[in-house]
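Colleague: What follows is entry21.cif, made up of mmCIF, C-alpha atoms and all ligand atoms:
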```
data_upload
loop_
_atom_site.label_atom_id
_atom_site.label_comp_id
_atom_site.auth_asym_id
_atom_site.auth_seq_id
_atom_site.Cartn_x
_atom_site.Cartn_y
_atom_site.Cartn_z
CA MET U 46 12.37 12.44 -20.91
CA THR U 47 15.31 13.64 -18.86
CA ILE U 48 15.66 12.66 -15.25
CA SER U 49 17.98 15.40 -14.22
CA LEU U 50 18.84 14.16 -10.74
CA ASN U 51 20.61 10.99 -11.75
CA VAL U 52 23.92 12.65 -12.39
CA LEU U 53 25.50 11.58 -9.24
CA SER U 54 28.28 12.64 -7.00
CA GLU U 55 30.39 10.41 -4.80
CA ASP U 56 28.97 8.78 -1.71
CA THR U 57 28.28 11.35 0.94
CA GLN U 58 27.32 9.00 3.75
CA GLN U 59 29.62 9.61 6.67
CA SER U 60 29.43 8.52 10.24
CA GLN U 61 28.74 11.24 12.75
CA SER U 62 30.24 11.05 16.17
CA PRO U 63 27.34 11.61 18.50
CA PRO U 64 27.55 14.02 21.36
CA ALA U 65 28.34 12.14 24.57
CA ALA U 66 24.88 12.25 26.12
CA PRO U 67 21.79 14.36 25.79
CA PRO U 68 20.97 16.82 28.54
CA ILE U 69 18.72 15.69 31.31
CA ALA U 70 15.09 16.31 30.45
CA ARG U 71 12.42 17.48 32.79
CA GLN U 72 9.71 15.01 31.94
CA GLN U 73 6.39 13.82 33.22
CA PRO U 74 6.32 10.07 33.76
CA GLY U 75 4.74 8.13 30.89
CA ARG U 76 4.81 11.14 28.58
CA LEU U 77 7.41 12.47 26.18
CA ILE U 78 7.61 16.24 26.00
CA ASP U 79 10.23 18.36 24.32
CA SER U 80 11.59 21.66 25.56
CA HIS U 81 9.15 23.52 23.26
CA GLY U 82 6.14 21.90 24.90
CA ARG U 83 5.33 19.44 22.12
CA THR U 84 4.16 15.96 23.10
CA ILE U 85 5.87 13.21 21.14
CA HIS U 86 3.79 10.11 20.46
CA ASP U 87 4.85 8.99 16.98
CA LEU U 88 7.98 6.85 16.52
CA ARG U 89 9.48 6.12 13.09
CA MET U 90 11.77 3.12 13.31
CA SER U 91 14.17 2.33 10.48
CA VAL U 92 14.74 -1.43 10.44
CA THR U 93 17.36 -1.43 7.70
CA ASP U 94 19.36 1.02 5.63
CA ARG U 95 19.36 -1.44 2.69
CA CYS U 96 17.16 -0.91 -0.35
CA ASN U 97 16.52 -2.60 -3.70
CA PHE U 98 15.60 0.75 -5.34
CA ARG U 99 17.79 3.76 -5.94
CA CYS U 100 15.23 6.56 -6.14
CA VAL U 101 16.75 9.68 -7.68
CA TYR U 102 15.64 11.87 -4.77
CA CYS U 103 16.90 9.50 -2.09
CA MET U 104 19.77 7.11 -2.70
CA ASP U 105 22.82 7.17 -4.97
CA PRO U 106 23.58 4.02 -6.96
CA ASN U 107 26.93 3.85 -5.18
CA PHE U 108 25.47 4.51 -1.74
CA ARG U 109 27.50 2.77 0.96
CA TYR U 110 25.53 0.85 3.55
CA MET U 111 26.47 0.69 7.19
CA PRO U 112 28.21 -2.50 8.35
CA LYS U 113 25.73 -5.13 9.59
CA SER U 114 27.41 -5.22 13.01
CA GLU U 115 26.40 -1.59 13.51
CA LEU U 116 22.71 -2.25 12.89
CA LEU U 117 20.37 -3.03 15.75
CA ASP U 118 19.28 -6.64 16.14
CA LEU U 119 15.74 -7.89 16.71
CA ASP U 120 15.96 -7.77 20.52
CA GLU U 121 17.39 -4.27 20.40
CA TYR U 122 14.57 -2.96 18.20
CA ILE U 123 12.07 -4.58 20.55
CA ALA U 124 13.71 -3.03 23.62
CA VAL U 125 13.60 0.44 22.03
CA ALA U 126 9.94 0.05 21.05
CA ARG U 127 9.06 -1.19 24.56
CA ALA U 128 10.76 1.86 26.07
CA GLY U 129 8.91 4.10 23.62
CA PHE U 130 5.60 2.47 24.50
CA SER U 131 6.23 3.06 28.21
CA LEU U 132 6.74 6.75 27.38
CA GLY U 133 3.40 7.17 25.63
CA ILE U 134 4.33 6.38 22.03
CA THR U 135 1.02 5.37 20.43
CA LYS U 136 1.99 5.29 16.74
CA LEU U 137 4.84 3.19 15.45
CA ARG U 138 5.87 3.18 11.79
CA LEU U 139 8.43 0.75 10.38
CA THR U 140 10.50 2.17 7.60
CA GLY U 141 13.99 2.12 6.14
CA GLY U 142 15.73 1.72 3.64
CA GLU U 143 13.23 -0.83 2.44
CA PRO U 144 11.71 -2.52 5.53
CA THR U 145 10.44 -5.55 3.60
CA LEU U 146 14.10 -6.56 3.13
CA TYR U 147 14.58 -6.94 6.89
CA PRO U 148 14.97 -10.69 7.45
CA GLN U 149 13.10 -10.86 10.78
CA LEU U 150 10.31 -8.51 9.77
CA ASP U 151 7.50 -10.93 10.70
CA ASP U 152 8.95 -11.45 14.20
CA LEU U 153 9.20 -7.70 14.62
CA ILE U 154 5.65 -7.00 13.45
CA GLY U 155 4.30 -9.84 15.62
CA THR U 156 6.02 -8.49 18.73
CA PHE U 157 4.99 -4.90 18.07
CA GLY U 158 1.47 -6.07 17.27
CA ARG U 159 1.23 -7.60 20.75
CA MET U 160 2.63 -4.49 22.47
CA GLY U 161 -0.61 -2.61 21.90
CA PHE U 162 0.27 0.48 19.87
CA ASP U 163 -2.86 2.29 18.65
CA ASP U 164 -1.45 2.44 15.15
CA LEU U 165 1.21 0.14 13.69
CA ALA U 166 2.12 1.03 10.11
CA MET U 167 4.87 0.42 7.57
CA THR U 168 6.17 2.40 4.58
CA THR U 169 7.37 0.36 1.61
CA ASN U 170 8.28 0.70 -2.04
CA GLY U 171 5.93 -2.24 -2.60
CA SER U 172 8.28 -4.33 -4.71
CA LEU U 173 8.28 -7.23 -2.25
CA VAL U 174 4.65 -7.04 -1.15
CA ASP U 175 2.17 -9.71 -2.21
CA TYR U 176 -1.15 -10.90 -0.81
CA SER U 177 0.33 -13.69 1.27
CA ARG U 178 2.82 -11.37 3.01
CA ALA U 179 0.24 -8.62 3.44
CA ARG U 180 -2.27 -11.02 5.00
CA GLN U 181 0.41 -12.45 7.30
CA TRP U 182 1.40 -8.93 8.48
CA LYS U 183 -2.25 -8.07 9.09
CA GLN U 184 -2.67 -11.20 11.19
CA LEU U 185 0.48 -10.34 13.13
CA GLY U 186 -0.92 -6.92 14.03
CA LEU U 187 0.10 -4.48 11.29
CA ASP U 188 -2.69 -1.94 10.79
CA ARG U 189 -1.73 -0.06 7.64
CA LEU U 190 0.66 0.05 4.70
CA THR U 191 1.94 3.18 2.97
CA PHE U 192 3.43 2.75 -0.49
CA SER U 193 5.82 4.99 -2.41
CA LEU U 194 4.93 5.60 -6.05
CA ASP U 195 6.09 8.76 -7.78
CA SER U 196 4.92 8.09 -11.31
CA VAL U 197 2.11 6.28 -13.08
CA ASP U 198 4.10 6.26 -16.31
CA PRO U 199 5.89 2.87 -16.44
CA GLN U 200 9.02 4.25 -18.07
CA ARG U 201 9.32 7.27 -15.80
CA MET U 202 8.73 5.11 -12.76
CA ARG U 203 11.68 2.90 -13.74
CA GLU U 204 13.85 5.95 -14.32
CA MET U 205 12.94 7.48 -10.99
CA THR U 206 13.46 4.28 -8.98
CA ARG U 207 16.42 3.12 -11.09
CA ALA U 208 15.00 -0.38 -10.59
CA GLN U 209 13.38 -2.96 -12.86
CA THR U 210 10.22 -3.40 -10.77
CA SER U 211 7.20 -2.70 -12.97
CA LEU U 212 4.38 -0.29 -12.30
CA ASP U 213 1.92 -3.19 -12.71
CA SER U 214 3.55 -5.11 -9.89
CA ILE U 215 3.25 -2.13 -7.53
CA VAL U 216 -0.42 -1.75 -8.50
CA ARG U 217 -0.92 -5.45 -7.72
CA ALA U 218 0.81 -4.95 -4.33
CA ILE U 219 -1.51 -2.04 -3.51
CA GLU U 220 -4.53 -4.15 -4.43
CA ALA U 221 -3.19 -7.02 -2.31
CA ALA U 222 -2.81 -4.67 0.66
CA HIS U 223 -6.41 -3.53 0.21
CA ARG U 224 -7.65 -7.14 0.15
CA ALA U 225 -5.60 -7.98 3.23
CA GLY U 226 -7.28 -5.16 5.15
CA LEU U 227 -4.18 -2.97 5.48
CA GLY U 228 -6.08 0.21 4.63
CA PRO U 229 -6.68 3.04 4.43
CA ILE U 230 -3.78 2.82 2.00
CA LYS U 231 -1.57 5.85 1.57
CA VAL U 232 0.68 6.36 -1.44
CA ASN U 233 3.61 8.79 -1.15
CA ALA U 234 4.73 10.65 -4.26
CA VAL U 235 7.70 13.01 -4.12
CA VAL U 236 7.08 15.76 -6.67
CA ILE U 237 10.15 17.17 -8.41
CA ARG U 238 10.15 19.90 -10.99
CA ASP U 239 11.05 18.73 -14.49
CA VAL U 240 11.09 15.13 -13.30
CA ASN U 241 7.49 14.10 -12.51
CA ASP U 242 5.57 17.35 -11.95
CA VAL U 243 3.67 16.82 -15.21
CA GLU U 244 2.00 13.85 -13.52
CA VAL U 245 0.43 15.65 -10.56
CA ALA U 246 -3.12 15.36 -11.94
CA ASP U 247 -2.51 11.81 -13.23
CA LEU U 248 -1.52 10.77 -9.70
CA ALA U 249 -4.86 12.17 -8.50
CA ASP U 250 -6.59 9.97 -11.10
CA PHE U 251 -4.66 7.03 -9.65
CA ALA U 252 -6.02 7.90 -6.17
CA ARG U 253 -9.57 7.82 -7.55
CA ASP U 254 -9.10 4.64 -9.55
CA HIS U 255 -7.42 2.70 -6.73
CA ASP U 256 -9.13 4.24 -3.69
CA VAL U 257 -5.94 5.44 -2.03
CA ASN U 258 -4.87 8.56 -0.19
CA MET U 259 -2.32 10.08 -2.59
CA ARG U 260 0.18 12.10 -0.56
CA TYR U 261 2.20 14.57 -2.57
CA ILE U 262 5.47 15.32 -0.78
CA GLU U 263 7.62 18.37 -1.44
CA PHE U 264 11.16 17.33 -2.30
CA MET U 265 13.37 17.76 0.79
CA PRO U 266 17.14 18.27 1.05
CA LEU U 267 17.81 14.71 2.19
CA ASP U 268 19.03 13.13 -1.05
CA SER U 269 22.36 11.34 -0.97
CA SER U 270 23.50 12.96 -4.22
CA ARG U 271 23.02 16.40 -2.62
CA LYS U 272 21.45 17.68 -5.81
CA TRP U 273 18.49 19.27 -4.02
CA ASN U 274 17.93 22.89 -4.60
CA ARG U 275 14.92 25.13 -4.20
CA SER U 276 14.15 25.20 -7.92
CA HIS U 277 13.37 21.46 -7.79
CA VAL U 278 10.62 22.00 -5.21
CA VAL U 279 7.04 22.11 -6.46
CA SER U 280 5.11 23.94 -3.76
CA ALA U 281 1.88 22.79 -2.13
CA ASP U 282 0.03 25.67 -3.78
CA GLU U 283 1.19 24.63 -7.22
CA ILE U 284 0.39 20.96 -6.56
CA LEU U 285 -3.12 21.87 -5.42
CA SER U 286 -3.76 24.13 -8.37
CA ARG U 287 -2.61 21.44 -10.82
CA ILE U 288 -4.97 18.90 -9.23
CA SER U 289 -7.82 21.41 -9.03
CA ALA U 290 -7.53 22.11 -12.75
CA ARG U 291 -8.76 18.54 -13.29
CA HIS U 292 -10.74 17.70 -10.13
CA GLU U 293 -12.53 19.95 -7.65
CA LEU U 294 -11.25 19.29 -4.13
CA THR U 295 -13.00 19.71 -0.78
CA PRO U 296 -10.88 20.15 2.37
CA ILE U 297 -11.28 17.46 4.99
CA ASP U 298 -11.76 19.23 8.32
CA GLY U 299 -11.23 18.02 11.82
CA GLY U 300 -8.28 15.81 11.04
CA ASP U 301 -5.44 14.95 13.37
CA PRO U 302 -3.87 18.26 14.50
CA HIS U 303 -0.47 16.54 14.37
CA SER U 304 -1.03 15.48 10.80
CA THR U 305 1.80 16.45 8.49
CA SER U 306 -0.57 16.76 5.56
CA MET U 307 -3.34 19.04 4.25
CA ASN U 308 -6.13 16.67 3.31
CA PHE U 309 -8.83 16.81 0.66
CA ARG U 310 -11.52 14.60 -0.82
CA PHE U 311 -12.87 14.79 -4.35
CA ALA U 312 -15.90 17.09 -4.55
CA ASP U 313 -17.67 14.71 -6.97
CA GLY U 314 -17.66 11.94 -4.35
CA ALA U 315 -15.14 9.73 -6.15
CA ALA U 316 -13.11 7.21 -4.17
CA GLY U 317 -9.68 8.12 -2.86
CA SER U 318 -8.35 11.31 -1.33
CA ILE U 319 -5.47 13.75 -1.51
CA GLY U 320 -2.85 14.81 1.04
CA VAL U 321 -0.17 17.42 0.49
CA ILE U 322 2.91 17.37 2.69
CA ALA U 323 4.71 20.68 2.46
CA PRO U 324 7.72 20.80 4.77
CA VAL U 325 9.41 23.40 2.55
CA SER U 326 6.63 25.84 1.61
CA ARG U 327 4.45 25.34 4.71
CA PRO U 328 6.53 23.91 7.56
CA PHE U 329 4.47 22.13 10.22
CA CYS U 330 7.18 21.90 12.90
CA SER U 331 5.09 23.49 15.67
CA ALA U 332 2.68 20.54 15.49
CA CYS U 333 5.39 17.88 15.17
CA SER U 334 4.90 14.81 17.35
CA ARG U 335 7.61 12.63 15.79
CA LEU U 336 10.79 10.95 16.85
CA ARG U 337 13.04 8.73 14.75
CA ILE U 338 15.37 5.86 15.47
CA THR U 339 17.86 4.86 12.80
CA ALA U 340 18.81 1.30 11.89
CA ASP U 341 22.13 1.77 13.69
CA GLY U 342 20.46 2.90 16.88
CA LYS U 343 20.66 6.68 16.79
CA VAL U 344 17.76 8.62 18.22
CA ARG U 345 17.01 11.56 15.92
CA PRO U 346 14.60 14.15 17.30
CA CYS U 347 14.14 15.73 13.84
CA LEU U 348 14.70 14.64 10.22
CA PHE U 349 17.08 17.59 9.94
CA SER U 350 18.89 17.14 13.26
CA HIS U 351 22.63 17.54 13.29
CA ASP U 352 22.77 15.92 16.70
CA GLU U 353 21.76 12.33 17.22
CA TRP U 354 21.83 10.25 20.36
CA ASP U 355 23.46 6.85 20.46
CA ILE U 356 21.04 4.46 22.16
CA ARG U 357 22.92 1.43 20.78
CA THR U 358 25.67 2.06 23.31
CA VAL U 359 23.10 2.07 26.10
CA LEU U 360 21.64 -1.18 24.75
CA ARG U 361 25.03 -2.87 24.35
CA SER U 362 26.25 -1.81 27.75
CA GLY U 363 23.35 -3.60 29.44
CA GLY U 364 20.99 -0.64 29.90
CA ASP U 365 17.61 -1.81 31.23
CA ASP U 366 14.18 -0.57 30.12
CA GLU U 367 14.34 2.29 32.60
CA ALA U 368 17.72 3.47 31.31
CA LEU U 369 16.48 3.29 27.71
CA ALA U 370 13.34 5.26 28.55
CA ALA U 371 15.36 7.92 30.39
CA PHE U 372 17.74 8.19 27.43
CA ILE U 373 14.88 8.62 24.93
CA ALA U 374 13.19 11.21 27.15
CA ASP U 375 16.40 13.23 27.35
CA ALA U 376 16.96 12.99 23.60
CA VAL U 377 13.42 14.24 22.94
CA TRP U 378 14.09 17.23 25.18
CA THR U 379 16.73 18.37 22.65
CA LYS U 380 14.29 18.41 19.71
CA GLN U 381 14.83 21.60 17.77
CA ALA U 382 11.98 24.10 17.32
CA GLY U 383 12.02 23.81 13.53
CA HIS U 384 13.91 22.26 10.66
CA GLY U 385 15.22 25.58 9.34
CA ILE U 386 15.14 24.61 5.64
CA ASN U 387 14.16 28.16 4.78
CA SER U 388 16.93 29.79 6.80
CA SER U 389 20.00 31.11 5.00
CA GLU U 390 22.04 29.15 7.56
CA PHE U 391 20.42 25.81 6.74
CA ILE U 392 22.90 22.97 6.31
CA GLN U 393 21.77 19.61 4.95
CA PRO U 394 22.34 16.89 7.56
CA GLN U 395 24.99 14.26 6.88
CA ARG U 396 22.43 11.48 6.99
CA THR U 397 20.18 11.03 4.01
CA MET U 398 16.52 9.99 4.05
CA SER U 399 17.23 6.29 3.56
CA ALA U 400 19.74 6.29 6.43
CA ILE U 401 17.34 8.13 8.73
CA GLY U 402 14.05 6.42 8.01
CA GLY U 403 11.41 8.53 6.30
N1 LIG D 501 11.74 2.39 1.07
C1 LIG D 501 10.46 2.76 1.60
C2 LIG D 501 9.70 3.63 0.65
O1 LIG D 501 10.30 4.19 -0.27
O2 LIG D 501 8.50 3.76 0.86
C3 LIG D 501 10.56 3.42 2.96
C4 LIG D 501 11.69 4.37 3.20
S1 LIG D 501 11.65 5.87 2.25
C5 LIG D 501 13.11 6.67 2.82
C6 LIG D 501 10.32 6.72 3.07
C7 LIG D 501 9.73 7.86 2.30
O3 LIG D 501 10.70 8.88 2.19
C8 LIG D 501 9.31 7.52 0.90
O4 LIG D 501 7.92 7.72 0.76
C9 LIG D 501 10.09 8.46 0.03
O5 LIG D 501 9.35 8.91 -1.04
C10 LIG D 501 10.45 9.58 1.00
N2 LIG D 501 11.64 10.32 0.60
C11 LIG D 501 12.88 9.84 0.37
N3 LIG D 501 13.74 10.83 0.03
C12 LIG D 501 13.02 11.98 0.05
C13 LIG D 501 13.32 13.35 -0.20
N4 LIG D 501 14.56 13.73 -0.54
N5 LIG D 501 12.34 14.26 -0.09
C14 LIG D 501 11.07 13.88 0.25
N6 LIG D 501 10.73 12.61 0.52
C15 LIG D 501 11.68 11.66 0.42
FE1 LIG D 502 14.70 2.97 -1.32
FE2 LIG D 502 12.56 4.15 -0.31
FE3 LIG D 502 14.85 5.56 -0.71
FE4 LIG D 502 13.43 4.76 -2.80
S1 LIG D 502 12.73 6.17 -1.19
S2 LIG D 502 15.65 4.53 -2.54
S3 LIG D 502 12.59 2.84 -2.12
S4 LIG D 502 14.57 3.90 0.71
#
```
Write out the structure in this file as structure tokens.
Ligand code: SAM
Ligand code: SF4
Modeller:
Amino acid sequence: MTISLNVLSEDTQQSQSPPAAPPIARQQPGRLIDSHGRTIHDLRMSVTDRCNFRCVYCMDPNFRYMPKSELLDLDEYIAVARAGFSLGITKLRLTGGEPTLYPQLDDLIGTFGRMGFDDLAMTTNGSLVDYSRARQWKQLGLDRLTFSLDSVDPQRMREMTRAQTSLDSIVRAIEAAHRAGLGPIKVNAVVIRDVNDVEVADLADFARDHDVNMRYIEFMPLDSSRKWNRSHVVSADEILSRISARHELTPIDGGDPHSTSMNFRFADGAAGSIGVIAPVSRPFCSACSRLRITADGKVRPCLFSHDEWDIRTVLRSGGDDEALAAFIADAVWTKQAGHGINSSEFIQPQRTMSAIGG
């Protein structure tokens, strides 16, 4: 089998100089609204840009990390989350890089658990998850875990992650998360033509066998090798027809209107479910409720933003909670209407997925 994306170019990670300050937002207290009228209540926080995998669609083997001194410290992450909470953020997701590599992860989860978010979740490649860690995170207040698993073929999985972690160990991690009560468990699979698209229906079998919500994600232009092109994208329609050829699906109605995914259960009543996330073929920007903060303290209103707002400077110049909240509110006001992937003028952002926080 050929994994065509692992022919890699040089490191493309470059630092962006942020615009001086975002414009002043017109906000309602305790609520984050952008200039297009969308309410933002979902914060994705990247707690590290480091990773022990090198997934072909995400991170080059020679990817250069940011210097540690540029990354936020524990107190800084906590201050940002507190400011977000005061502004009506109800969902907080820890991500990265690989968040389970963050040395003070338990302190972070414990503090966020006590803050009272409605939903505290974490996305992980699963390689460093076992029952004892999962149970500890649950006790500290983590609600849910999302795993990334793009292949149920052991060899292809190794080729896609460019890591030695075995498929069996990820399956054990998923089972451990179930036992620890960190469900419903989601599993993200990025589908790439001629890489793993032959496995679409097999991944649905995995959802049934392991009672997980399998989320098929269209490949996005956020890879550090900059190899993305439209021909790699397997559309939502094609994904659904490949699954439906093996299993009849029933749409799940009445879900979260801000959900990024189209959701289905199996018509025969089997365990597990399906989600399809289609930012390329069916953009969902008008319902977006998300905001991201990178590990080096940049507020990014959109995955595809070219502008990012430097909250680390506010933190390191003694900004109090009020100043942080005002800064976040102003940054949110600049959120663009849509990601523009399908425009002829689309330009891939400098930052890649692992440096943003997916
Ligand atoms: N390391 C963790 C993991 O892999 O779950 C968390 C960070 S990772 C950047 C978050 C999610 O982004 C993963 O589910 C991954 O599959 C997804 N992702 C990374 N690069 C992507 C790309 N180019 N297109 C679509 N999804 C991508
Ligand atoms: Fe690491 Fe996650 Fe990117 Fe894979 S997708 S390289 S596990 S950050």
Colleague: Could you report the residues within 10 Å of ligand LIG 502 (chain D), using only C-alpha atoms and all ligand atoms, as a PyMOL selection string?
Modeller: chain U and resi 91+93-106+108+140-144+168-172+192-195+205-208+233-235+268-269+397-403
Colleague: Include C-alpha atoms and write out the residues we just selected as a short mmCIF file (atom, residue, chain, number, x, y, z; two decimals), in the coordinates of the input.
Modeller:
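So result_5.cif came out as:
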```cif
data_model
loop_
_atom_site.label_atom_id
_atom_site.label_comp_id
_atom_site.auth_asym_id
_atom_site.auth_seq_id
_atom_site.Cartn_x
_atom_site.Cartn_y
_atom_site.Cartn_z
CA SER U 91 14.17 2.33 10.48
CA THR U 93 17.36 -1.43 7.70
CA ASP U 94 19.36 1.02 5.63
CA ARG U 95 19.36 -1.44 2.69
CA CYS U 96 17.16 -0.91 -0.35
CA ASN U 97 16.52 -2.60 -3.70
CA PHE U 98 15.60 0.75 -5.34
CA ARG U 99 17.79 3.76 -5.94
CA CYS U 100 15.23 6.56 -6.14
CA VAL U 101 16.75 9.68 -7.68
CA TYR U 102 15.64 11.87 -4.77
CA CYS U 103 16.90 9.50 -2.09
CA MET U 104 19.77 7.11 -2.70
CA ASP U 105 22.82 7.17 -4.97
CA PRO U 106 23.58 4.02 -6.96
CA PHE U 108 25.47 4.51 -1.74
CA THR U 140 10.50 2.17 7.60
CA GLY U 141 13.99 2.12 6.14
CA GLY U 142 15.73 1.72 3.64
CA GLU U 143 13.23 -0.83 2.44
CA PRO U 144 11.71 -2.52 5.53
CA THR U 168 6.17 2.40 4.58
CA THR U 169 7.37 0.36 1.61
CA ASN U 170 8.28 0.70 -2.04
CA GLY U 171 5.93 -2.24 -2.60
CA SER U 172 8.28 -4.33 -4.71
CA PHE U 192 3.43 2.75 -0.49
CA SER U 193 5.82 4.99 -2.41
CA LEU U 194 4.93 5.60 -6.05
CA ASP U 195 6.09 8.76 -7.78
CA MET U 205 12.94 7.48 -10.99
CA THR U 206 13.46 4.28 -8.98
CA ARG U 207 16.42 3.12 -11.09
CA ALA U 208 15.00 -0.38 -10.59
CA ASN U 233 3.61 8.79 -1.15
CA ALA U 234 4.73 10.65 -4.26
CA VAL U 235 7.70 13.01 -4.12
CA ASP U 268 19.03 13.13 -1.05
CA SER U 269 22.36 11.34 -0.97
CA THR U 397 20.18 11.03 4.01
CA MET U 398 16.52 9.99 4.05
CA SER U 399 17.23 6.29 3.56
CA ALA U 400 19.74 6.29 6.43
CA ILE U 401 17.34 8.13 8.73
CA GLY U 402 14.05 6.42 8.01
CA GLY U 403 11.41 8.53 6.30
#
```
Colleague: Step by step: start from the point (13.4, 20.3, 26.9) in the file's coordinates, keep every protein, DNA or RNA residue that has an atom no farther than 8 Å from it, count all atoms listed in the file, and write the set as a list in words.
Modeller: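 Those residues, ordered by chain and then number, are Ala70, Arg71, Ile78, Asp79, Ser80, His81, Gly82, Asp375, Val377, Trp378, Thr379 and Lys380 of chain U.
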Colleague: Could you please determine the separation between CA of Ala246 in chain U and CA of Pro199 in chain U in Å, to one decimal place?
Modeller: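 Those two atoms sit 16.0 Å apart.
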Colleague: For ligand LIG 501 (chain D), take all atoms listed in the file, fit an axis-aligned box around them, add 6 Å to each of the six sides, then output centre and edge lengths in Å rounded to one decimal, as lines of an AutoDock Vina configuration file.
Modeller:
```
center_x = 11.2
center_y = 8.3
center_z = 1.1
size_x = 18.6
size_y = 23.9
size_z = 16.2
```
Colleague: Could you tell me how far CA of Ser362 in chain U lies from CA of Ile123 in chain U, in Å and to one decimal?
Modeller: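 CA of Ile123 in chain U lies 16.1 Å from CA of Ser362 in chain U.
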Colleague: Skip range 314-325 of chain U itself and residues of its chain fewer than 2 positions away, then list as a PyMOL selection string all residues within 8 Å of it, counting only C-alpha atoms.
Modeller: chain U and resi 249+252-265+278+280-281+284-285+305-312+327-329+386-387
